[in-house]
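Data block for final_26.pdb (PDB, C-alpha atoms, pLDDT in the B column):
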```pdb
MODEL        1
ATOM      1  CA  MET X 151      21.692  46.965  12.144  1.00 60.00           C
ATOM      2  CA  ASN X 152      23.048  43.826  10.462  1.00 73.00           C
ATOM      3  CA  ASP X 153      20.197  41.447   9.471  1.00 83.00           C
ATOM      4  CA  MET X 154      22.236  38.849   7.628  1.00 90.00           C
ATOM      5  CA  VAL X 155      21.001  35.267   7.641  1.00 89.00           C
ATOM      6  CA  THR X 156      23.709  32.714   8.289  1.00 93.00           C
ATOM      7  CA  LYS X 157      23.892  29.063   7.346  1.00 93.00           C
ATOM      8  CA  GLU X 158      23.413  28.197  11.021  1.00 92.00           C
ATOM      9  CA  ASP X 159      20.190  30.262  11.095  1.00 91.00           C
ATOM     10  CA  LEU X 160      18.899  28.352   8.072  1.00 93.00           C
ATOM     11  CA  ARG X 161      19.872  25.002   9.614  1.00 92.00           C
ATOM     12  CA  GLN X 162      18.037  25.826  12.846  1.00 93.00           C
ATOM     13  CA  PHE X 163      15.002  27.035  10.900  1.00 92.00           C
ATOM     14  CA  GLY X 164      14.984  23.808   8.879  1.00 91.00           C
ATOM     15  CA  LEU X 165      15.112  21.685  12.032  1.00 92.00           C
ATOM     16  CA  LEU X 166      12.318  23.708  13.627  1.00 92.00           C
ATOM     17  CA  LEU X 167      10.197  23.425  10.489  1.00 93.00           C
ATOM     18  CA  LEU X 168      10.794  19.667  10.289  1.00 91.00           C
ATOM     19  CA  ASP X 169       9.750  19.241  13.938  1.00 90.00           C
ATOM     20  CA  LYS X 170       6.536  21.174  13.322  1.00 90.00           C
ATOM     21  CA  ILE X 171       5.697  19.139  10.211  1.00 88.00           C
ATOM     22  CA  GLN X 172       6.278  15.885  12.100  1.00 86.00           C
ATOM     23  CA  ALA X 173       4.017  17.120  14.922  1.00 83.00           C
ATOM     24  CA  VAL X 174       1.234  17.864  12.442  1.00 83.00           C
ATOM     25  CA  PHE X 175       1.483  14.365  10.973  1.00 78.00           C
ATOM     26  CA  LYS X 176       1.404  12.805  14.440  1.00 78.00           C
ATOM     27  CA  GLU X 177      -1.684  14.834  15.412  1.00 74.00           C
ATOM     28  CA  LYS X 178      -3.412  13.961  12.180  1.00 71.00           C
ATOM     29  CA  ASP X 179      -4.532  10.356  12.507  1.00 59.00           C
ATOM     30  CA  PHE X 180      -5.057   9.695   8.828  1.00 56.00           C
ATOM     31  CA  GLY X 181      -7.419   6.794   9.656  1.00 50.00           C
ATOM     32  CA  HIS X 182      -6.117   4.812   6.712  1.00 51.00           C
ATOM     33  CA  THR X 183      -3.076   3.586   8.588  1.00 51.00           C
ATOM     34  CA  GLU X 184      -4.751   0.519  10.054  1.00 54.00           C
ATOM     35  CA  ASN X 185      -5.066  -1.185   6.668  1.00 57.00           C
ATOM     36  CA  MET X 186      -2.447  -0.214   4.136  1.00 61.00           C
ATOM     37  CA  GLU X 187      -2.796  -3.435   2.141  1.00 66.00           C
ATOM     38  CA  PRO X 188      -4.504  -3.118  -1.234  1.00 75.00           C
ATOM     39  CA  ASP X 189      -7.899  -4.738  -1.801  1.00 87.00           C
ATOM     40  CA  TRP X 190      -6.846  -6.083  -5.197  1.00 90.00           C
ATOM     41  CA  LEU X 191      -3.613  -7.932  -5.933  1.00 90.00           C
ATOM     42  CA  ARG X 192      -1.824  -8.413  -9.241  1.00 90.00           C
ATOM     43  CA  SER X 193      -1.150 -11.921 -10.527  1.00 90.00           C
ATOM     44  CA  LYS X 194       2.502 -11.743  -9.544  1.00 90.00           C
ATOM     45  CA  SER X 195       1.614 -10.836  -5.958  1.00 89.00           C
ATOM     46  CA  VAL X 196      -0.887 -13.708  -5.753  1.00 89.00           C
ATOM     47  CA  ARG X 197       1.724 -16.165  -7.074  1.00 90.00           C
ATOM     48  CA  LYS X 198       4.258 -14.952  -4.536  1.00 90.00           C
ATOM     49  CA  LEU X 199       1.755 -14.921  -1.648  1.00 85.00           C
ATOM     50  CA  LEU X 200       0.444 -18.428  -2.327  1.00 86.00           C
ATOM     51  CA  ASP X 201       3.692 -19.797  -3.783  1.00 89.00           C
ATOM     52  CA  ILE X 202       1.908 -21.128  -6.865  1.00 89.00           C
ATOM     53  CA  SER X 203       2.489 -21.013 -10.612  1.00 92.00           C
ATOM     54  CA  ALA X 204       0.885 -18.665 -13.118  1.00 90.00           C
ATOM     55  CA  GLY X 205      -1.230 -21.593 -14.363  1.00 92.00           C
ATOM     56  CA  SER X 206      -2.573 -22.194 -10.860  1.00 90.00           C
ATOM     57  CA  VAL X 207      -3.563 -18.554 -10.585  1.00 90.00           C
ATOM     58  CA  GLN X 208      -5.341 -18.886 -13.921  1.00 91.00           C
ATOM     59  CA  ASN X 209      -7.158 -21.989 -12.608  1.00 91.00           C
ATOM     60  CA  LEU X 210      -8.363 -20.006  -9.588  1.00 88.00           C
ATOM     61  CA  ARG X 211      -9.702 -17.407 -11.997  1.00 89.00           C
ATOM     62  CA  THR X 212     -11.378 -19.794 -14.465  1.00 91.00           C
ATOM     63  CA  SER X 213     -12.899 -21.928 -11.695  1.00 92.00           C
ATOM     64  CA  GLN X 214     -14.304 -18.695 -10.222  1.00 89.00           C
ATOM     65  CA  LYS X 215     -12.841 -19.368  -6.790  1.00 88.00           C
ATOM     66  CA  VAL X 216     -11.650 -15.771  -6.618  1.00 89.00           C
ATOM     67  CA  ARG X 217     -13.080 -12.596  -8.075  1.00 92.00           C
ATOM     68  CA  PHE X 218     -10.889 -10.803 -10.566  1.00 92.00           C
ATOM     69  CA  LYS X 219     -10.745  -7.707 -12.715  1.00 92.00           C
ATOM     70  CA  LYS X 220      -8.877  -7.196 -15.937  1.00 91.00           C
ATOM     71  CA  VAL X 221      -7.442  -3.706 -16.293  1.00 90.00           C
ATOM     72  CA  LEU X 222      -5.384  -2.843 -19.371  1.00 90.00           C
ATOM     73  CA  GLY X 223      -4.293  -6.435 -19.858  1.00 89.00           C
ATOM     74  CA  SER X 224      -3.388  -7.111 -16.209  1.00 89.00           C
ATOM     75  CA  TYR X 225      -5.446  -9.280 -13.902  1.00 91.00           C
ATOM     76  CA  TYR X 226      -6.212  -8.168 -10.359  1.00 92.00           C
ATOM     77  CA  TYR X 227      -7.526 -10.604  -7.753  1.00 91.00           C
ATOM     78  CA  SER X 228      -9.618  -9.930  -4.668  1.00 91.00           C
ATOM     79  CA  ARG X 229      -7.542 -10.104  -1.492  1.00 89.00           C
ATOM     80  CA  GLU X 230     -10.691 -10.984   0.449  1.00 89.00           C
ATOM     81  CA  ASP X 231     -11.377 -14.030  -1.750  1.00 88.00           C
ATOM     82  CA  ILE X 232      -7.789 -15.226  -1.492  1.00 87.00           C
ATOM     83  CA  GLU X 233      -7.899 -14.972   2.301  1.00 86.00           C
ATOM     84  CA  LYS X 234     -11.243 -16.819   2.251  1.00 87.00           C
ATOM     85  CA  LEU X 235      -9.537 -19.722   0.458  1.00 83.00           C
ATOM     86  CA  PHE X 236      -7.336 -20.177   3.524  1.00 77.00           C
ATOM     87  CA  ARG X 237     -10.232 -19.940   5.976  1.00 79.00           C
ATOM     88  CA  ASP X 238     -12.424 -22.451   4.100  1.00 62.00           C
ATOM     89  CA  GLU X 239      -9.806 -25.180   3.799  1.00 53.00           C
TER
ENDMDL
END
```
Before anything else, please render the file you have as structure tokens.
Amino acid sequence: MNDMVTKEDLRQFGLLLLDKIQAVFKEKDFGHTENMEPDWLRSKSVRKLLDISAGSVQNLRTSQKVRFKKVLGSYYYSREDIEKLFRDE
């Protein structure tokens, strides 16, 4: 009785395991997939999204046109408020 495991056995097992893992992920509808965008954007992301300067982002903040949070020296801006700027104008 020779119960040696070959490289081909391991390769087939790996493929089978990968297929089963993928099936589990497909069955599991994580519910968070519909909106993967963050609710708060960093200053750099806002500048890139709106194609504006850092000073313009600061003006949005100081004029209170968008909500913001300061976390460890970085400013985060509300995505909802930024989108509202486009809808209002």
>> Need the shell around region 232-237 of chain X: protein/DNA/RNA residues with any atom at most 8 Å away, counting only C-alpha atoms. Skip same-chain ones fewer than 3 positions apart. Format as number ranges by chain?
In response: X: 215-216, 227-229
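Taking CA of Glu177 (chain X) and CA of Glu158 (chain X) as the two end points, the separation is 28.8 Å.
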> Do you have the CA of Ala204 (chain X)-CA of Leu222 (chain X) distance handy?
Replying inline: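 Separating CA of Ala204 (chain X) from CA of Leu222 (chain X) is a distance of 18.1 Å.
The two atoms in question, CA of Phe218 (chain X) and CA of Ile202 (chain X), are spaced 16.9 Å apart.
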>> When you count only C-alpha atoms, which of these residues is closest to Arg192 (chain X): X:Lys178, X:Lys219, X:Lys170, X:Arg161?
In response: X:Lys219
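In terms of minimum interatomic distance to Val196 (chain X), X:Glu230 ranks closest within X:Ser213, X:Glu230, X:Gln172, X:Gly164, counting all atoms listed in the file.
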Once you add 5 Å to each side, what are the centre and edge lengths of the axis-aligned box holding all listed atoms of region 192-208 of chain X? One decimal in Å, as AutoDock Vina command-line options, if you can.
```
--center_x -0.5 --center_y -15.3 --center_z -8.0 --size_x 19.6 --size_y 23.8 --size_z 22.7
```
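The residue set within 12 Å of Lys220 (chain X), counting all atoms listed in the file and dropping same-chain residues fewer than 3 places from it, reads Trp190, Leu191, Arg192, Ser193, Arg211, Arg217, Gly223, Ser224, Tyr225, Tyr226, Tyr227 and Ser228 of chain X.
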